[in-house]
Every structure is written in structure tokens, then in C-alpha cells.
file structure-v8.cif (mmCIF, C-alpha atoms; chains and numbers go by the auth columns)
data_model
#
loop_
_atom_site.group_PDB
_atom_site.id
_atom_site.type_symbol
_atom_site.label_atom_id
_atom_site.label_comp_id
_atom_site.label_asym_id
_atom_site.label_seq_id
_atom_site.Cartn_x
_atom_site.Cartn_y
_atom_site.Cartn_z
_atom_site.B_iso_or_equiv
_atom_site.auth_seq_id
_atom_site.auth_asym_id
ATOM 1 C CA ASP A 1 -65.026 62.552 33.821 0.00 1 A
ATOM 2 C CA VAL A 2 -62.455 64.209 31.583 0.00 2 A
ATOM 3 C CA VAL A 3 -64.947 66.776 30.325 0.00 3 A
ATOM 4 C CA LEU A 4 -66.254 67.621 33.792 0.00 4 A
ATOM 5 C CA THR A 5 -62.739 67.959 35.168 0.00 5 A
ATOM 6 C CA ALA A 6 -61.815 70.295 32.316 0.00 6 A
ATOM 7 C CA PHE A 7 -65.037 72.201 32.761 0.00 7 A
ATOM 8 C CA LYS A 8 -64.277 72.860 36.423 0.00 8 A
ATOM 9 C CA ASN A 9 -61.113 74.633 35.295 0.00 9 A
ATOM 10 C CA SER A 10 -62.473 76.441 32.242 0.00 10 A
ATOM 11 C CA GLU A 11 -66.044 77.672 31.773 0.00 11 A
ATOM 12 C CA TRP A 12 -65.732 77.248 27.996 0.00 12 A
ATOM 13 C CA ALA A 13 -64.390 73.679 28.009 0.00 13 A
ATOM 14 C CA PHE A 14 -67.873 72.228 27.499 0.00 14 A
ATOM 15 C CA GLU A 15 -67.832 73.689 23.989 0.00 15 A
ATOM 16 C CA TYR A 16 -65.387 70.923 23.016 0.00 16 A
ATOM 17 C CA ALA A 17 -67.331 68.045 24.542 0.00 17 A
ATOM 18 C CA GLY A 18 -68.610 65.317 22.248 0.00 18 A
ATOM 19 C CA ASP A 19 -72.059 65.675 20.707 0.00 19 A
ATOM 20 C CA ASP A 20 -73.246 62.609 22.619 0.00 20 A
ATOM 21 C CA LEU A 21 -72.482 64.359 25.930 0.00 21 A
ATOM 22 C CA LYS A 22 -74.062 67.626 24.796 0.00 22 A
ATOM 23 C CA SER A 23 -77.247 65.642 24.093 0.00 23 A
ATOM 24 C CA ASP A 24 -77.179 63.614 27.321 0.00 24 A
ATOM 25 C CA ARG A 25 -79.862 65.170 29.550 0.00 25 A
ATOM 26 C CA ASP A 26 -78.551 63.870 32.873 0.00 26 A
ATOM 27 C CA PHE A 27 -74.971 64.769 32.030 0.00 27 A
ATOM 28 C CA VAL A 28 -75.981 68.260 30.924 0.00 28 A
ATOM 29 C CA LEU A 29 -77.818 68.907 34.209 0.00 29 A
ATOM 30 C CA VAL A 30 -74.687 67.911 36.132 0.00 30 A
ATOM 31 C CA ALA A 31 -72.540 70.159 33.936 0.00 31 A
ATOM 32 C CA ILE A 32 -74.863 73.151 34.339 0.00 32 A
ATOM 33 C CA LYS A 33 -74.833 72.656 38.101 0.00 33 A
ATOM 34 C CA ILE A 34 -71.027 72.864 38.016 0.00 34 A
ATOM 35 C CA ASN A 35 -70.998 75.843 35.686 0.00 35 A
ATOM 36 C CA VAL A 36 -74.018 77.393 33.998 0.00 36 A
ATOM 37 C CA PHE A 37 -71.986 78.242 30.880 0.00 37 A
ATOM 38 C CA ALA A 38 -72.501 74.615 29.825 0.00 38 A
ATOM 39 C CA TYR A 39 -75.991 75.586 28.672 0.00 39 A
ATOM 40 C CA VAL A 40 -74.526 77.739 25.899 0.00 40 A
ATOM 41 C CA SER A 41 -73.081 74.645 24.201 0.00 41 A
ATOM 42 C CA VAL A 42 -75.733 71.978 24.778 0.00 42 A
ATOM 43 C CA SER A 43 -77.653 70.471 21.876 0.00 43 A
ATOM 44 C CA GLU A 44 -80.494 72.509 20.384 0.00 44 A
ATOM 45 C CA GLU A 45 -82.917 69.816 21.495 0.00 45 A
ATOM 46 C CA LEU A 46 -81.890 70.195 25.141 0.00 46 A
ATOM 47 C CA LYS A 47 -81.937 73.977 24.922 0.00 47 A
ATOM 48 C CA LEU A 48 -85.632 73.572 24.178 0.00 48 A
ATOM 49 C CA ASP A 49 -86.084 71.395 27.266 0.00 49 A
ATOM 50 C CA ARG A 50 -88.010 73.717 29.604 0.00 50 A
ATOM 51 C CA ARG A 51 -86.602 72.225 32.797 0.00 51 A
ATOM 52 C CA ILE A 52 -83.020 72.583 31.595 0.00 52 A
ATOM 53 C CA ALA A 53 -83.597 76.089 30.260 0.00 53 A
ATOM 54 C CA LEU A 54 -85.159 77.158 33.557 0.00 54 A
ATOM 55 C CA PHE A 55 -82.357 75.534 35.534 0.00 55 A
ATOM 56 C CA ALA A 56 -79.863 77.598 33.540 0.00 56 A
ATOM 57 C CA ALA A 57 -81.978 80.749 33.798 0.00 57 A
ATOM 58 C CA ASN A 58 -82.018 80.592 37.595 0.00 58 A
ATOM 59 C CA THR A 59 -78.546 82.076 37.845 0.00 59 A
ATOM 60 C CA SER A 60 -77.022 85.531 38.044 0.00 60 A
ATOM 61 C CA ASN A 61 -75.526 85.155 34.591 0.00 61 A
ATOM 62 C CA ASN A 62 -77.582 87.184 32.148 0.00 62 A
ATOM 63 C CA TYR A 63 -75.360 86.235 29.227 0.00 63 A
ATOM 64 C CA VAL A 64 -76.553 82.656 29.582 0.00 64 A
ATOM 65 C CA PHE A 65 -80.171 83.824 29.560 0.00 65 A
ATOM 66 C CA SER A 66 -79.544 85.398 26.155 0.00 66 A
ATOM 67 C CA HIS A 67 -79.025 81.843 24.837 0.00 67 A
ATOM 68 C CA VAL A 68 -82.394 80.627 26.109 0.00 68 A
ATOM 69 C CA PRO A 69 -84.683 80.003 23.093 0.00 69 A
ATOM 70 C CA GLU A 70 -86.934 82.894 22.122 0.00 70 A
ATOM 71 C CA ILE A 71 -90.025 80.813 22.798 0.00 71 A
ATOM 72 C CA PHE A 72 -89.129 80.911 26.519 0.00 72 A
ATOM 73 C CA ARG A 73 -87.959 84.525 26.564 0.00 73 A
ATOM 74 C CA ALA A 74 -91.397 85.459 25.223 0.00 74 A
ATOM 75 C CA ASP A 75 -93.213 83.362 27.831 0.00 75 A
ATOM 76 C CA LYS A 76 -94.314 85.388 30.872 0.00 76 A
ATOM 77 C CA ASN A 77 -94.537 82.362 33.154 0.00 77 A
ATOM 78 C CA PHE A 78 -91.020 81.273 32.222 0.00 78 A
ATOM 79 C CA ILE A 79 -89.662 84.779 32.824 0.00 79 A
ATOM 80 C CA MET A 80 -91.370 85.045 36.218 0.00 80 A
ATOM 81 C CA GLU A 81 -90.080 81.615 37.239 0.00 81 A
ATOM 82 C CA SER A 82 -86.586 82.578 36.123 0.00 82 A
ATOM 83 C CA LEU A 83 -86.699 85.668 38.310 0.00 83 A
ATOM 84 C CA LYS A 84 -88.371 84.085 41.319 0.00 84 A
ATOM 85 C CA GLY A 85 -86.232 80.962 41.315 0.00 85 A
ATOM 86 C CA SER A 86 -82.932 82.736 41.601 0.00 86 A
ATOM 87 C CA LYS A 87 -81.391 83.901 44.854 0.00 87 A
ATOM 88 C CA ALA A 88 -78.979 86.071 42.903 0.00 88 A
ATOM 89 C CA LEU A 89 -79.505 89.610 41.643 0.00 89 A
ATOM 90 C CA ASN A 90 -80.409 88.442 38.161 0.00 90 A
ATOM 91 C CA GLY A 91 -83.110 90.967 37.269 0.00 91 A
ATOM 92 C CA ARG A 92 -81.013 92.372 34.442 0.00 92 A
ATOM 93 C CA LEU A 93 -81.936 89.310 32.393 0.00 93 A
ATOM 94 C CA THR A 94 -84.909 91.426 31.270 0.00 94 A
ATOM 95 C CA GLU A 95 -82.507 92.895 28.702 0.00 95 A
ATOM 96 C CA PHE A 96 -83.191 89.758 26.670 0.00 96 A
ATOM 97 C CA ILE A 97 -86.946 89.259 27.083 0.00 97 A
ATOM 98 C CA ALA A 98 -89.542 90.130 24.440 0.00 98 A
ATOM 99 C CA ASP A 99 -90.355 93.847 24.187 0.00 99 A
ATOM 100 C CA GLU A 100 -93.979 93.289 25.153 0.00 100 A
ATOM 101 C CA HIS A 101 -92.844 91.946 28.528 0.00 101 A
ATOM 102 C CA LYS A 102 -90.567 94.932 29.146 0.00 102 A
ATOM 103 C CA ALA A 103 -93.834 96.857 29.426 0.00 103 A
ATOM 104 C CA ASP A 104 -95.318 94.325 31.856 0.00 104 A
ATOM 105 C CA ARG A 105 -95.424 96.003 35.264 0.00 105 A
ATOM 106 C CA GLU A 106 -95.460 92.741 37.233 0.00 106 A
ATOM 107 C CA ILE A 107 -92.401 91.372 35.460 0.00 107 A
ATOM 108 C CA MET A 108 -90.415 94.585 35.621 0.00 108 A
ATOM 109 C CA LEU A 109 -91.199 95.254 39.299 0.00 109 A
ATOM 110 C CA LEU A 110 -89.919 91.806 40.189 0.00 110 A
ATOM 111 C CA ALA A 111 -86.894 92.354 37.951 0.00 111 A
ATOM 112 C CA MET A 112 -86.104 95.631 39.715 0.00 112 A
ATOM 113 C CA LYS A 113 -86.331 93.886 43.071 0.00 113 A
ATOM 114 C CA LYS A 114 -84.026 91.151 41.795 0.00 114 A
ATOM 115 C CA SER A 115 -81.475 93.609 40.442 0.00 115 A
ATOM 116 C CA GLY A 116 -81.373 96.276 43.107 0.00 116 A
ATOM 117 C CA GLY A 117 -82.983 98.677 40.644 0.00 117 A
ATOM 118 C CA MET A 118 -80.692 97.974 37.669 0.00 118 A
ATOM 119 C CA ALA A 119 -83.483 96.405 35.594 0.00 119 A
ATOM 120 C CA PHE A 120 -85.058 99.871 35.282 0.00 120 A
ATOM 121 C CA GLU A 121 -82.700 100.325 32.323 0.00 121 A
ATOM 122 C CA PHE A 122 -84.647 97.762 30.291 0.00 122 A
ATOM 123 C CA ALA A 123 -88.197 98.833 31.138 0.00 123 A
ATOM 124 C CA SER A 124 -90.402 100.193 28.365 0.00 124 A
ATOM 125 C CA ASP A 125 -90.491 103.958 27.818 0.00 125 A
ATOM 126 C CA GLU A 126 -94.006 104.018 29.241 0.00 126 A
ATOM 127 C CA LEU A 127 -92.883 102.443 32.508 0.00 127 A
ATOM 128 C CA LYS A 128 -89.759 104.580 32.707 0.00 128 A
ATOM 129 C CA ASN A 129 -91.941 107.695 32.600 0.00 129 A
ATOM 130 C CA ASP A 130 -94.294 106.305 35.260 0.00 130 A
ATOM 131 C CA ILE A 131 -93.329 108.043 38.498 0.00 131 A
ATOM 132 C CA GLU A 132 -95.056 105.394 40.653 0.00 132 A
ATOM 133 C CA PHE A 133 -93.089 102.649 38.934 0.00 133 A
ATOM 134 C CA PHE A 134 -89.862 104.604 39.452 0.00 134 A
ATOM 135 C CA LEU A 135 -90.584 105.073 43.150 0.00 135 A
ATOM 136 C CA GLU A 136 -90.940 101.318 43.617 0.00 136 A
ATOM 137 C CA SER A 137 -87.292 100.742 42.777 0.00 137 A
ATOM 138 C CA PRO A 138 -85.324 99.317 45.728 0.00 138 A
ATOM 139 C CA SER A 139 -82.678 101.920 44.882 0.00 139 A
ATOM 140 C CA LEU A 140 -83.860 105.235 43.467 0.00 140 A
ATOM 141 C CA GLU A 141 -80.248 106.280 42.991 0.00 141 A
ATOM 142 C CA ILE A 142 -79.629 103.382 40.610 0.00 142 A
ATOM 143 C CA ALA A 143 -82.946 103.788 38.782 0.00 143 A
ATOM 144 C CA TYR A 144 -82.222 107.513 38.418 0.00 144 A
ATOM 145 C CA LEU A 145 -79.177 106.595 36.347 0.00 145 A
ATOM 146 C CA PHE A 146 -81.490 105.214 33.632 0.00 146 A
ATOM 147 C CA ALA A 147 -84.462 107.526 34.185 0.00 147 A
ATOM 148 C CA PRO A 148 -85.823 109.781 31.419 0.00 148 A
ATOM 149 C CA GLU A 149 -85.648 113.570 31.513 0.00 149 A
ATOM 150 C CA SER A 150 -89.231 113.723 32.786 0.00 150 A
ATOM 151 C CA ILE A 151 -88.030 112.227 36.077 0.00 151 A
ATOM 152 C CA LYS A 152 -84.468 113.488 36.237 0.00 152 A
ATOM 153 C CA SER A 153 -85.628 117.073 35.885 0.00 153 A
ATOM 154 C CA GLN A 154 -87.805 116.875 39.004 0.00 154 A
ATOM 155 C CA ARG A 155 -86.011 118.732 41.782 0.00 155 A
ATOM 156 C CA GLU A 156 -87.936 117.028 44.558 0.00 156 A
ATOM 157 C CA MET A 157 -86.956 113.635 43.168 0.00 157 A
ATOM 158 C CA LEU A 158 -83.246 114.355 43.398 0.00 158 A
ATOM 159 C CA LEU A 159 -83.726 115.778 46.892 0.00 159 A
ATOM 160 C CA LYS A 160 -85.553 112.589 47.910 0.00 160 A
ATOM 161 C CA ILE A 161 -82.619 110.480 46.701 0.00 161 A
ATOM 162 C CA LEU A 162 -80.147 112.632 48.616 0.00 162 A
ATOM 163 C CA GLU A 163 -82.194 112.781 51.805 0.00 163 A
ATOM 164 C CA LYS A 164 -83.588 109.232 51.946 0.00 164 A
ATOM 165 C CA GLU A 165 -80.798 107.203 50.359 0.00 165 A
ATOM 166 C CA LYS A 166 -77.766 109.455 50.747 0.00 166 A
ATOM 167 C CA GLY A 167 -77.395 108.885 47.010 0.00 167 A
ATOM 168 C CA TRP A 168 -74.885 111.623 46.238 0.00 168 A
ATOM 169 C CA ARG A 169 -73.765 109.934 42.995 0.00 169 A
ATOM 170 C CA ALA A 170 -77.144 110.795 41.471 0.00 170 A
ATOM 171 C CA LEU A 171 -75.904 114.378 41.166 0.00 171 A
ATOM 172 C CA GLN A 172 -73.568 113.258 38.388 0.00 172 A
ATOM 173 C CA ASN A 173 -76.545 112.210 36.248 0.00 173 A
ATOM 174 C CA ALA A 174 -78.764 115.194 37.041 0.00 174 A
ATOM 175 C CA PRO A 175 -79.580 117.915 34.467 0.00 175 A
ATOM 176 C CA LYS A 176 -77.331 120.971 34.466 0.00 176 A
ATOM 177 C CA LYS A 177 -80.061 123.072 36.079 0.00 177 A
ATOM 178 C CA LEU A 178 -80.015 120.831 39.167 0.00 178 A
ATOM 179 C CA ARG A 179 -76.238 120.549 39.208 0.00 179 A
ATOM 180 C CA SER A 180 -76.266 124.355 39.393 0.00 180 A
ATOM 181 C CA ASP A 181 -78.659 124.362 42.346 0.00 181 A
ATOM 182 C CA LYS A 182 -76.589 125.348 45.389 0.00 182 A
ATOM 183 C CA GLU A 183 -78.978 123.804 47.903 0.00 183 A
ATOM 184 C CA ILE A 184 -78.902 120.452 46.122 0.00 184 A
ATOM 185 C CA VAL A 185 -75.133 120.503 45.694 0.00 185 A
ATOM 186 C CA LEU A 186 -74.713 121.401 49.360 0.00 186 A
ATOM 187 C CA LYS A 187 -76.788 118.390 50.437 0.00 187 A
ATOM 188 C CA ALA A 188 -74.690 116.121 48.230 0.00 188 A
ATOM 189 C CA ILE A 189 -71.414 117.539 49.558 0.00 189 A
ATOM 190 C CA LYS A 190 -72.489 117.018 53.152 0.00 190 A
ATOM 191 C CA ILE A 191 -72.886 113.331 52.306 0.00 191 A
ATOM 192 C CA GLU A 192 -69.666 113.064 50.306 0.00 192 A
ATOM 193 C CA PRO A 193 -67.338 116.055 49.649 0.00 193 A
ATOM 194 C CA VAL A 194 -66.199 114.692 46.281 0.00 194 A
ATOM 195 C CA ALA A 195 -69.748 115.333 45.016 0.00 195 A
ATOM 196 C CA LEU A 196 -68.589 118.898 44.331 0.00 196 A
ATOM 197 C CA THR A 197 -66.853 117.563 41.210 0.00 197 A
ATOM 198 C CA PHE A 198 -70.308 116.685 39.805 0.00 198 A
ATOM 199 C CA ALA A 199 -71.678 120.204 40.338 0.00 199 A
ATOM 200 C CA ASP A 200 -71.773 122.783 37.582 0.00 200 A
ATOM 201 C CA LYS A 201 -68.322 124.334 37.186 0.00 201 A
ATOM 202 C CA LYS A 202 -69.537 127.744 38.285 0.00 202 A
ATOM 203 C CA LEU A 203 -70.010 126.310 41.789 0.00 203 A
ATOM 204 C CA HIS A 204 -66.576 124.713 42.049 0.00 204 A
ATOM 205 C CA SER A 205 -65.067 127.803 43.667 0.00 205 A
ATOM 206 C CA ASP A 206 -68.031 128.618 45.903 0.00 206 A
ATOM 207 C CA LYS A 207 -66.562 129.174 49.384 0.00 207 A
ATOM 208 C CA ASP A 208 -69.648 127.881 51.193 0.00 208 A
ATOM 209 C CA LEU A 209 -69.562 124.621 49.289 0.00 209 A
ATOM 210 C CA ILE A 210 -65.823 124.200 49.722 0.00 210 A
ATOM 211 C CA ALA A 211 -66.157 124.803 53.459 0.00 211 A
ATOM 212 C CA ALA A 212 -69.055 122.330 53.655 0.00 212 A
ATOM 213 C CA GLY A 213 -66.754 119.726 52.220 0.00 213 A
ATOM 214 C CA GLY A 214 -64.330 120.199 55.099 0.00 214 A
ATOM 215 C CA ILE A 215 -61.742 122.145 53.128 0.00 215 A
ATOM 216 C CA VAL A 216 -60.574 125.494 54.452 0.00 216 A
ATOM 217 C CA GLU A 217 -58.102 128.060 53.217 0.00 217 A
ATOM 218 C CA GLU A 218 -55.069 128.903 55.282 0.00 218 A
ATOM 219 C CA ASP A 219 -52.978 132.079 55.176 0.00 219 A
#

call {"tool": "encode", "arguments": {"input": "structure-v8.cif", "output": "C-alpha cells"}}
result
Amino acid sequence: DVVLTAFKNSEWAFEYAGDDLKSDRDFVLVAIKINVFAYVSVSEELKLDRRIALFAANTSNNYVFSHVPEIFRADKNFIMESLKGSKALNGRLTEFIADEHKADREIMLLAMKKSGGMAFEFASDELKNDIEFFLESPSLEIAYLFAPESIKSQREMLLKILEKEKGWRALQNAPKKLRSDKEIVLKAIKIEPVALTFADKKLHSDKDLIAAGGIVEED
């Protein structure tokens, strides 16, 4: 009772629990339910308990997933269950899976869905350069942040993000050639005037762009 009370007030309190409690399966499950950080300090034996590891993995806390034994982080079924079982946006846990699974299309597509596109950062280079994989992201604007030059340099891709998602922030991560493209910058400004700050400096004083942002000069 003392440990659980302390744990409710401090996510690291479980670190100081007695070894007998850290090895008590039922107690550990209760502690993890209160706060998933308990998993970080449980006994090595219980960390290797698949049910407990999966219970901990089904959270939005990717730091905790980094403490799941490698044998599970290299297991495709465990990874898929970890992603499917969570209602939270926990797809970024793919940062800690085995490299071979970062190239697994099924895993990474689910991870992107579970992270709003953020998991694209951890996909293999092969998948990152796959335009079809990129287009399946629930947010192209977010995936674009981590996309390789082969995708970022495509003018039509940036236009798609601006037109379909109103993703004006993507302009900040675009190559200089596209940030110098007046048509593209104009589309971004019409969505959000502050996007002009992401354009190439030579466009910062362009009267058409300034006017499009709702700023006019007065005598």
C-alpha cells in the first residue's frame, strides 16, 4: 500500500520498491495499470513475461517500450500486438524495434496510422523513398518532415500537401528551389500569412505575396 501510494504521486517511486514486490506478478500488473513506468523497474524475470511486456507496450509511452527485452522488440507478432492493442498514438515505438522490422511495410503502415504519420521518421531508407508508402501516411505534412530529398524535391508533392491538407508548415522543410517558387509560396501564404517567413529571402519583399498575406502599405 505504501509503494502504490507513493507511486501514484511519483512515476519513479517504484524504483525503490523491495525486490519481492518487483518480482510479484500480480502486484506488478496493478502497478503498471496505475503507471506504466513501473515496468522499467520490475525484475528481469517479469520483464521477460510476455503478457506483462505487452501490457506495458500497449501505452503511448515509447520510452517504456525501449525497456522491453530485445527478444520481443524483434518479434513481429509482439510489435503488431503492441501497436494494435493501444488506443493511443504510440506508433513512434518503432524507433526501438529491430532494423529488419523498420523495413516491414505492414508494421510501418500500422505504425504511421498509430502515430499520425510520425513513425515515418523510423522507416527504412527503402520505405522512405517509396512514394506509395509516403502517400499512405495519415498526414503527408508530418511525413514530409522526415522525407528524403527524392520526395521533398517533388513540386507536385508539396502542392498536394498545401491543397489537400492545408499543410503550410511543410514549406519550412522544402528545398530552397521550392521555397523560391512564387506559386507555391503564394498558396502557403493564402493558408497562413506567416508562411512567408519560410520562403526564400528574395521573396520576402515581393509585393504580391505581402498583399496576399493581408498586409498593405499606407502612405

call {"tool": "atom_distance", "arguments": {"input": "structure-v8.cif", "atom1": "atom CA of A:Gly91", "atom2": "atom CA of A:Ala38"}}
result
20.9 Å

call {"tool": "residues_around", "arguments": {"input": "structure-v8.cif", "residues": "stretch 178-183 of chain A", "least_positions_apart": "4", "cutoff": "7 Å", "atoms": "all atoms listed in the file", "output": "ChimeraX atom specification"}}
result
/A:155,171,174,187,199-200,203

call {"tool": "write_last_selection", "arguments": {"input": "structure-v8.cif", "atoms": "C-alpha atoms", "output": "PDB file, in the frame of the given file"}}
result
ATOM      1  CA  ARG A 155     -86.011 118.732  41.782  1.00  0.00           C
ATOM      2  CA  LEU A 171     -75.904 114.378  41.166  1.00  0.00           C
ATOM      3  CA  ALA A 174     -78.764 115.194  37.041  1.00  0.00           C
ATOM      4  CA  LYS A 187     -76.788 118.390  50.437  1.00  0.00           C
ATOM      5  CA  ALA A 199     -71.678 120.204  40.338  1.00  0.00           C
ATOM      6  CA  ASP A 200     -71.773 122.783  37.582  1.00  0.00           C
ATOM      7  CA  LEU A 203     -70.010 126.310  41.789  1.00  0.00           C
TER       8      LEU A 203
END

call {"tool": "resolve_selection", "arguments": {"input": "structure-v8.cif", "expression": "the PyMOL selection byres ((chain A and resi 29-37) around 7)", "output": "PyMOL selection string"}}
result
chain A and resi 4+8+11-12+25-28+38-40+52+56+64

call {"tool": "closest_residue", "arguments": {"input": "structure-v8.cif", "among": "A:Lys128, A:Tyr63, A:Asn90, A:Gly116", "to": "A:Lys102", "atoms": "only C-alpha atoms"}}
result
A:Lys128

call {"tool": "closest_residue", "arguments": {"input": "structure-v8.cif", "among": "A:Ala195, A:Leu93, A:Ile142, A:Ile189", "to": "A:Gly213", "atoms": "all atoms listed in the file"}}
result
A:Ile189

call {"tool": "atom_distance", "arguments": {"input": "structure-v8.cif", "atom1": "atom CA of A:Ala170", "atom2": "atom CA of A:Lys190"}}
result
14.0 Å

call {"tool": "residues_near_point", "arguments": {"input": "structure-v8.cif", "point": "(-83.5, 66.9, 18.7)", "cutoff": "12 Å", "atoms": "only C-alpha atoms", "output": "PyMOL selection string"}}
result
chain A and resi 19-20+22-25+42-49

call {"tool": "closest_residue", "arguments": {"input": "structure-v8.cif", "among": "A:Phe65, A:Asp206, A:Lys113, A:Arg105", "to": "A:Glu132", "atoms": "only C-alpha atoms"}}
result
A:Arg105

call {"tool": "residues_near_point", "arguments": {"input": "structure-v8.cif", "point": "(-62.2, 114.0, 50.5)", "cutoff": "12 Å", "atoms": "all atoms listed in the file", "output": "NGL selection string"}}
result
:A and (189-197 or 210-215)

call {"tool": "atom_distance", "arguments": {"input": "structure-v8.cif", "atom1": "atom CA of A:Lys164", "atom2": "atom CA of A:Arg92"}}
result
24.4 Å

call {"tool": "closest_residue", "arguments": {"input": "structure-v8.cif", "among": "A:Lys152, A:Lys76, A:Arg51, A:His101", "to": "A:Lys177", "atoms": "only C-alpha atoms"}}
result
A:Lys152

call {"tool": "resolve_selection", "arguments": {"input": "structure-v8.cif", "expression": "the PyMOL selection byres ((chain A and resi 106) around 12)", "output": "PyMOL selection string"}}
result
chain A and resi 76-77+79-80+83-84+101-105+107-113+123+127+133+136

call {"tool": "write_last_selection", "arguments": {"input": "structure-v8.cif", "atoms": "C-alpha atoms", "output": "mmCIF file, in the frame of the given file"}}
result
data_model
loop_
_atom_site.group_PDB
_atom_site.id
_atom_site.type_symbol
_atom_site.label_atom_id
_atom_site.label_comp_id
_atom_site.auth_asym_id
_atom_site.auth_seq_id
_atom_site.Cartn_x
_atom_site.Cartn_y
_atom_site.Cartn_z
ATOM 1 C CA LYS A 76 -94.314 85.388 30.872
ATOM 2 C CA ASN A 77 -94.537 82.362 33.154
ATOM 3 C CA ILE A 79 -89.662 84.779 32.824
ATOM 4 C CA MET A 80 -91.370 85.045 36.218
ATOM 5 C CA LEU A 83 -86.699 85.668 38.310
ATOM 6 C CA LYS A 84 -88.371 84.085 41.319
ATOM 7 C CA HIS A 101 -92.844 91.946 28.528
ATOM 8 C CA LYS A 102 -90.567 94.932 29.146
ATOM 9 C CA ALA A 103 -93.834 96.857 29.426
ATOM 10 C CA ASP A 104 -95.318 94.325 31.856
ATOM 11 C CA ARG A 105 -95.424 96.003 35.264
ATOM 12 C CA ILE A 107 -92.401 91.372 35.460
ATOM 13 C CA MET A 108 -90.415 94.585 35.621
ATOM 14 C CA LEU A 109 -91.199 95.254 39.299
ATOM 15 C CA LEU A 110 -89.919 91.806 40.189
ATOM 16 C CA ALA A 111 -86.894 92.354 37.951
ATOM 17 C CA MET A 112 -86.104 95.631 39.715
ATOM 18 C CA LYS A 113 -86.331 93.886 43.071
ATOM 19 C CA ALA A 123 -88.197 98.833 31.138
ATOM 20 C CA LEU A 127 -92.883 102.443 32.508
ATOM 21 C CA PHE A 133 -93.089 102.649 38.934
ATOM 22 C CA GLU A 136 -90.940 101.318 43.617
#

call {"tool": "axis_aligned_box", "arguments": {"input": "structure-v8.cif", "around": "stretch 170-176 of chain A", "padding_each_side": "5 Å", "output": "JSON"}}
result
{"center_x": -76.6, "center_y": 115.9, "center_z": 38.0, "size_x": 16.0, "size_y": 20.2, "size_z": 17.0}

call {"tool": "resolve_selection", "arguments": {"input": "structure-v8.cif", "expression": "the PyMOL selection byres ((chain A and resi 122) around 7)", "output": "ChimeraX atom specification"}}
result
/A:94-95,102,119-121,123-124

call {"tool": "build_atoms", "arguments": {"input": "structure-v8.cif", "residues": "stretch 3-17 of chain A", "atoms": "N, CA, C and O atoms", "output": "PDB file, in the frame of the given file"}}
result
ATOM      1  N   VAL A   3     -64.263  65.533  30.691  1.00  0.00           N
ATOM      2  CA  VAL A   3     -64.947  66.776  30.325  1.00  0.00           C
ATOM      3  C   VAL A   3     -65.322  67.574  31.572  1.00  0.00           C
ATOM      4  O   VAL A   3     -65.108  68.793  31.630  1.00  0.00           O
ATOM      5  N   LEU A   4     -65.855  66.916  32.572  1.00  0.00           N
ATOM      6  CA  LEU A   4     -66.254  67.621  33.792  1.00  0.00           C
ATOM      7  C   LEU A   4     -65.042  68.199  34.526  1.00  0.00           C
ATOM      8  O   LEU A   4     -65.102  69.302  35.063  1.00  0.00           O
ATOM      9  N   THR A   5     -63.960  67.460  34.536  1.00  0.00           N
ATOM     10  CA  THR A   5     -62.739  67.959  35.168  1.00  0.00           C
ATOM     11  C   THR A   5     -62.234  69.194  34.438  1.00  0.00           C
ATOM     12  O   THR A   5     -61.862  70.202  35.063  1.00  0.00           O
ATOM     13  N   ALA A   6     -62.250  69.140  33.109  1.00  0.00           N
ATOM     14  CA  ALA A   6     -61.815  70.295  32.316  1.00  0.00           C
ATOM     15  C   ALA A   6     -62.753  71.476  32.530  1.00  0.00           C
ATOM     16  O   ALA A   6     -62.319  72.633  32.628  1.00  0.00           O
ATOM     17  N   PHE A   7     -64.024  71.154  32.635  1.00  0.00           N
ATOM     18  CA  PHE A   7     -65.037  72.201  32.761  1.00  0.00           C
ATOM     19  C   PHE A   7     -64.915  72.939  34.095  1.00  0.00           C
ATOM     20  O   PHE A   7     -65.207  74.125  34.193  1.00  0.00           O
ATOM     21  N   LYS A   8     -64.460  72.220  35.115  1.00  0.00           N
ATOM     22  CA  LYS A   8     -64.277  72.860  36.423  1.00  0.00           C
ATOM     23  C   LYS A   8     -63.146  73.894  36.373  1.00  0.00           C
ATOM     24  O   LYS A   8     -63.093  74.803  37.193  1.00  0.00           O
ATOM     25  N   ASN A   9     -62.264  73.736  35.410  1.00  0.00           N
ATOM     26  CA  ASN A   9     -61.113  74.633  35.295  1.00  0.00           C
ATOM     27  C   ASN A   9     -61.271  75.678  34.195  1.00  0.00           C
ATOM     28  O   ASN A   9     -60.509  76.651  34.148  1.00  0.00           O
ATOM     29  N   SER A  10     -62.245  75.480  33.326  1.00  0.00           N
ATOM     30  CA  SER A  10     -62.473  76.441  32.242  1.00  0.00           C
ATOM     31  C   SER A  10     -63.952  76.442  31.885  1.00  0.00           C
ATOM     32  O   SER A  10     -64.499  75.407  31.479  1.00  0.00           O
ATOM     33  N   GLU A  11     -64.596  77.597  32.004  1.00  0.00           N
ATOM     34  CA  GLU A  11     -66.044  77.672  31.773  1.00  0.00           C
ATOM     35  C   GLU A  11     -66.412  77.419  30.318  1.00  0.00           C
ATOM     36  O   GLU A  11     -67.573  77.189  29.997  1.00  0.00           O
ATOM     37  N   TRP A  12     -65.434  77.466  29.414  1.00  0.00           N
ATOM     38  CA  TRP A  12     -65.732  77.248  27.996  1.00  0.00           C
ATOM     39  C   TRP A  12     -65.361  75.853  27.521  1.00  0.00           C
ATOM     40  O   TRP A  12     -65.532  75.524  26.349  1.00  0.00           O
ATOM     41  N   ALA A  13     -64.837  75.006  28.411  1.00  0.00           N
ATOM     42  CA  ALA A  13     -64.390  73.679  28.009  1.00  0.00           C
ATOM     43  C   ALA A  13     -65.527  72.817  27.458  1.00  0.00           C
ATOM     44  O   ALA A  13     -65.303  71.962  26.598  1.00  0.00           O
ATOM     45  N   PHE A  14     -66.747  73.060  27.936  1.00  0.00           N
ATOM     46  CA  PHE A  14     -67.873  72.228  27.499  1.00  0.00           C
ATOM     47  C   PHE A  14     -68.123  72.374  25.996  1.00  0.00           C
ATOM     48  O   PHE A  14     -68.698  71.488  25.372  1.00  0.00           O
ATOM     49  N   GLU A  15     -67.665  73.460  25.426  1.00  0.00           N
ATOM     50  CA  GLU A  15     -67.832  73.689  23.989  1.00  0.00           C
ATOM     51  C   GLU A  15     -67.185  72.564  23.184  1.00  0.00           C
ATOM     52  O   GLU A  15     -67.631  72.236  22.081  1.00  0.00           O
ATOM     53  N   TYR A  16     -66.145  71.944  23.739  1.00  0.00           N
ATOM     54  CA  TYR A  16     -65.387  70.923  23.016  1.00  0.00           C
ATOM     55  C   TYR A  16     -65.787  69.505  23.395  1.00  0.00           C
ATOM     56  O   TYR A  16     -65.150  68.539  22.969  1.00  0.00           O
ATOM     57  N   ALA A  17     -66.843  69.374  24.174  1.00  0.00           N
ATOM     58  CA  ALA A  17     -67.331  68.045  24.542  1.00  0.00           C
ATOM     59  C   ALA A  17     -67.939  67.367  23.315  1.00  0.00           C
ATOM     60  O   ALA A  17     -68.350  68.027  22.346  1.00  0.00           O
TER      61      ALA A  17
END
